[in-house]
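> Got a structure for you, entry_1.pdb, holding PDB, C-alpha atoms and all ligand atoms.
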```pdb
MODEL        1
ATOM      1  CA  MET A  30     -11.810 -43.861 -28.626  1.00  0.00           C
ATOM      2  CA  PRO A  31     -13.533 -41.295 -30.829  1.00  0.00           C
ATOM      3  CA  HIS A  32     -16.706 -39.866 -29.410  1.00  0.00           C
ATOM      4  CA  ALA A  33     -19.641 -38.205 -31.063  1.00  0.00           C
ATOM      5  CA  SER A  34     -19.503 -34.466 -31.208  1.00  0.00           C
ATOM      6  CA  ASN A  35     -21.564 -31.617 -32.570  1.00  0.00           C
ATOM      7  CA  ILE A  36     -19.500 -28.467 -32.226  1.00  0.00           C
ATOM      8  CA  VAL A  37     -21.189 -25.149 -32.880  1.00  0.00           C
ATOM      9  CA  PHE A  38     -19.415 -21.799 -33.074  1.00  0.00           C
ATOM     10  CA  CYS A  39     -20.820 -18.668 -31.474  1.00  0.00           C
ATOM     11  CA  ALA A  40     -19.952 -15.338 -33.074  1.00  0.00           C
ATOM     12  CA  GLY A  41     -20.853 -13.411 -29.929  1.00  0.00           C
ATOM     13  CA  PRO A  42     -23.270 -13.126 -27.013  1.00  0.00           C
ATOM     14  CA  ASP A  43     -26.267 -13.027 -29.362  1.00  0.00           C
ATOM     15  CA  ALA A  44     -25.537 -16.484 -30.802  1.00  0.00           C
ATOM     16  CA  ALA A  45     -28.059 -19.249 -30.108  1.00  0.00           C
ATOM     17  CA  HIS A  46     -25.821 -21.335 -27.830  1.00  0.00           C
ATOM     18  CA  ALA A  47     -23.646 -18.544 -26.414  1.00  0.00           C
ATOM     19  CA  PHE A  48     -24.929 -19.034 -22.858  1.00  0.00           C
ATOM     20  CA  ASP A  49     -25.448 -22.815 -22.794  1.00  0.00           C
ATOM     21  CA  ASN A  50     -24.057 -24.017 -19.433  1.00  0.00           C
ATOM     22  CA  VAL A  51     -22.865 -20.488 -18.543  1.00  0.00           C
ATOM     23  CA  ALA A  52     -24.255 -19.438 -15.164  1.00  0.00           C
ATOM     24  CA  VAL A  53     -25.398 -15.925 -14.401  1.00  0.00           C
ATOM     25  CA  GLN A  54     -22.846 -14.303 -12.102  1.00  0.00           C
ATOM     26  CA  PRO A  55     -23.957 -13.428  -8.578  1.00  0.00           C
ATOM     27  CA  ARG A  56     -24.270  -9.717  -7.949  1.00  0.00           C
ATOM     28  CA  THR A  57     -21.399  -8.568  -5.733  1.00  0.00           C
ATOM     29  CA  GLY A  58     -20.380  -5.399  -3.974  1.00  0.00           C
ATOM     30  CA  ALA A  59     -21.824  -2.162  -5.246  1.00  0.00           C
ATOM     31  CA  LEU A  60     -22.440  -3.312  -8.809  1.00  0.00           C
ATOM     32  CA  ASP A  61     -26.068  -2.643  -9.521  1.00  0.00           C
ATOM     33  CA  ALA A  62     -27.171  -3.480 -13.058  1.00  0.00           C
ATOM     34  CA  ARG A  63     -26.870  -6.531 -15.255  1.00  0.00           C
ATOM     35  CA  CYS A  64     -24.347  -6.060 -18.029  1.00  0.00           C
ATOM     36  CA  PRO A  65     -26.264  -5.329 -21.245  1.00  0.00           C
ATOM     37  CA  ILE A  66     -23.701  -7.186 -23.343  1.00  0.00           C
ATOM     38  CA  CYS A  67     -23.464 -10.551 -21.551  1.00  0.00           C
ATOM     39  CA  ARG A  68     -26.782 -10.187 -19.661  1.00  0.00           C
ATOM     40  CA  GLY A  69     -25.224 -11.042 -16.324  1.00  0.00           C
ATOM     41  CA  HIS A  70     -23.180 -14.057 -17.395  1.00  0.00           C
ATOM     42  CA  GLY A  71     -19.764 -12.360 -17.515  1.00  0.00           C
ATOM     43  CA  GLN A  72     -18.623 -14.640 -20.336  1.00  0.00           C
ATOM     44  CA  TRP A  73     -20.016 -16.634 -23.224  1.00  0.00           C
ATOM     45  CA  ASN A  74     -19.163 -19.676 -25.306  1.00  0.00           C
ATOM     46  CA  THR A  75     -17.155 -19.031 -28.452  1.00  0.00           C
ATOM     47  CA  GLN A  76     -17.646 -22.673 -29.310  1.00  0.00           C
ATOM     48  CA  ILE A  77     -19.473 -25.508 -27.593  1.00  0.00           C
ATOM     49  CA  ASP A  78     -19.919 -29.201 -28.275  1.00  0.00           C
ATOM     50  CA  LEU A  79     -23.649 -29.852 -27.910  1.00  0.00           C
ATOM     51  CA  ILE A  80     -23.032 -33.505 -27.009  1.00  0.00           C
ATOM     52  CA  THR A  81     -20.147 -33.375 -24.533  1.00  0.00           C
ATOM     53  CA  PHE A  82     -20.579 -29.660 -23.572  1.00  0.00           C
ATOM     54  CA  ARG A  83     -16.838 -29.056 -23.801  1.00  0.00           C
ATOM     55  CA  CYS A  84     -16.520 -25.398 -24.625  1.00  0.00           C
ATOM     56  CA  MET A  85     -14.235 -22.439 -25.175  1.00  0.00           C
ATOM     57  CA  ARG A  86     -15.329 -19.124 -23.708  1.00  0.00           C
ATOM     58  CA  ALA A  87     -14.684 -15.404 -24.098  1.00  0.00           C
ATOM     59  CA  LEU A  88     -14.629 -13.024 -21.136  1.00  0.00           C
ATOM     60  CA  CYS A  89     -16.918 -10.001 -21.417  1.00  0.00           C
ATOM     61  CA  ASP A  90     -14.714  -6.914 -21.416  1.00  0.00           C
ATOM     62  CA  HIS A  91     -17.668  -4.563 -20.932  1.00  0.00           C
ATOM     63  CA  CYS A  92     -18.192  -5.745 -17.335  1.00  0.00           C
ATOM     64  CA  HIS A  93     -14.707  -7.261 -16.817  1.00  0.00           C
ATOM     65  CA  GLY A  94     -16.329 -10.680 -16.391  1.00  0.00           C
ATOM     66  CA  TYR A  95     -18.436  -9.677 -13.380  1.00  0.00           C
ATOM     67  CA  GLY A  96     -21.726  -9.843 -15.292  1.00  0.00           C
ATOM     68  CA  TRP A  97     -22.839  -6.678 -13.492  1.00  0.00           C
ATOM     69  CA  ILE A  98     -21.954  -3.044 -13.964  1.00  0.00           C
ATOM     70  CA  GLU A  99     -21.827   0.038 -11.755  1.00  0.00           C
ATOM     71  CA  THR A 100     -24.294   2.713 -12.799  1.00  0.00           C
ATOM     72  CA  GLY A 101     -23.535   5.151  -9.994  1.00  0.00           C
ATOM     73  CA  SER A 102     -20.267   6.690  -8.856  1.00  0.00           C
ATOM     74  CA  ASP A 103     -19.048   3.969  -6.500  1.00  0.00           C
ATOM     75  CA  PRO A 104     -15.497   2.780  -7.201  1.00  0.00           C
ATOM     76  CA  VAL A 105     -15.202  -0.543  -9.043  1.00  0.00           C
ATOM     77  CA  ALA A 106     -12.362  -2.812  -7.945  1.00  0.00           C
ATOM     78  CA  VAL A 107     -10.844  -5.484 -10.163  1.00  0.00           C
ATOM     79  CA  PRO A 108      -8.100  -7.970  -9.310  1.00  0.00           C
ATOM     80  CA  ASP A 109      -4.876  -7.324 -11.194  1.00  0.00           C
ATOM     81  CA  ILE A 110      -1.258  -8.446 -11.144  1.00  0.00           C
ATOM     82  CA  VAL A 111       1.715  -6.103 -10.787  1.00  0.00           C
ATOM     83  CA  MET A 112       5.448  -6.709 -10.436  1.00  0.00           C
ATOM     84  CA  ALA A 113       6.509  -6.122  -6.831  1.00  0.00           C
ATOM     85  CA  PRO A 114       9.691  -4.102  -6.160  1.00  0.00           C
ATOM     86  CA  GLU A 115      11.251  -7.370  -4.981  1.00  0.00           C
ATOM     87  CA  GLY A 116      10.867  -8.717  -8.518  1.00  0.00           C
ATOM     88  CA  TYR A 117       7.969 -11.137  -8.274  1.00  0.00           C
ATOM     89  CA  PRO A 118       4.404 -10.771  -9.535  1.00  0.00           C
ATOM     90  CA  LYS A 119       1.728 -10.193  -6.919  1.00  0.00           C
ATOM     91  CA  TRP A 120      -2.031  -9.757  -6.852  1.00  0.00           C
ATOM     92  CA  ILE A 121      -3.453  -6.331  -6.110  1.00  0.00           C
ATOM     93  CA  VAL A 122      -6.889  -4.738  -6.165  1.00  0.00           C
ATOM     94  CA  ARG A 123      -7.018  -2.006  -8.777  1.00  0.00           C
ATOM     95  CA  TYR A 124      -9.742   0.645  -8.880  1.00  0.00           C
ATOM     96  CA  LEU A 125     -11.020   1.456 -12.346  1.00  0.00           C
ATOM     97  CA  ASP A 126     -10.974   5.033 -13.600  1.00  0.00           C
ATOM     98  CA  ALA A 127     -14.400   6.420 -14.399  1.00  0.00           C
ATOM     99  CA  ALA A 128     -13.560   6.173 -18.111  1.00  0.00           C
ATOM    100  CA  GLU A 129     -13.123   2.407 -17.768  1.00  0.00           C
ATOM    101  CA  VAL A 130     -16.442   1.850 -16.017  1.00  0.00           C
ATOM    102  CA  PRO A 131     -19.410   1.273 -18.314  1.00  0.00           C
ATOM    103  CA  GLY A 132     -22.062   3.839 -17.565  1.00  0.00           C
ATOM    104  CA  GLY A 133     -19.772   5.483 -14.971  1.00  0.00           C
TER     105      GLY A 133
HETATM  106 ZN    ZN A 201     -20.662  -8.286 -19.514  1.00  0.00          ZN
ENDMDL
END
```
I'd like the structure from this file rewritten - as C-alpha cells, please.

Amino acid sequence: MPHASNIVFCAGPDAAHAFDNVAVQPRTGALDARCPICRGHGQWNTQIDLITFRCMRALCDHCHGYGWIETGSDPVAVPDIVMAPEGYPKWIVRYLDAAEVPGG
C-alpha cells in the first residue's frame, strides 16, 4: 500500500533537517570537545522522510562518528578490522596517528 511521504535531501550538517532524529553521542573516554562539524551527533541525515522518518545517514569523518574530538595529546582509539594471519577478518582497536586526530 503506498504511503504518504515527504522526502527532503540534506546537503550536509548545516541543512535544516540534517539532525532530525539523530541523537547527540555520549562523551566517552578521553574525548573532550564536541565535534565542530557534526556538533556532537557523529552523523547526519543525507535524506529523511518527514512523515515516516525513514532516513539515510552519513558518518562524520572529522570525529570518526564519535561526535567528540580529542583536543589534547591523549591517544584516540577506533575499532577497525584487519585480516588475521589465520586468514579471517577480526576486530582490533587501532590508535590514530596525531595527523589523523582533529586538533591533535
Ligand atoms: Zn563529527
> Within 10 Å of (-20.1, -21.1, -19.8), all atoms listed in the file: residues as number ranges by chain?
A: 46-53, 70-77, 82-88
> Could you give me, as a ChimeraX atom specification, every polymer residue with an atom at most 12 Å away from an atom of ligand ZN 201 (chain A), counting all atoms listed in the file?
/A:41-42,53-54,60,62-73,87-99,130-131
> Tell me, as a VMD selection string, which residues lie within 8 Å of Ala106 of chain A, counting all atoms listed in the file; anything in the same chain fewer than 3 positions away does not count.
chain A and resid 122 to 125
> How many Å lie between atom CA of Trp120 of chain A and atom CA of Gly101 of chain A, rounded to one decimal?
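According to the coordinates, atom CA of Trp120 of chain A and atom CA of Gly101 of chain A are separated by 26.4 Å.
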> Which one is closest to Cys39 of chain A: A:Asp103, A:Asp109, A:Glu129, A:Asp78? Count all atoms listed in the file.
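Looking only at the distances to Cys39 of chain A, the closest residue turns out to be A:Asp78.
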> Mind pulling up the distance from atom CA of Asp43 of chain A to atom CA of Asp61 of chain A?
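We find that atom CA of Asp61 of chain A and atom CA of Asp43 of chain A lie 22.4 Å from each other.
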> Figure out the distance between atom CA of Ala59 of chain A and atom CA of Val105 of chain A, please, to one decimal in Å.
7.8 Å
> Could you tell me which of A:Asp126, A:Gly116, A:Ser34, A:Ile121 comes closest to Ser102 of chain A if we count all atoms listed in the file?
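Ranking A:Asp126, A:Gly116, A:Ser34, A:Ile121 by distance to Ser102 of chain A, first place goes to A:Asp126.
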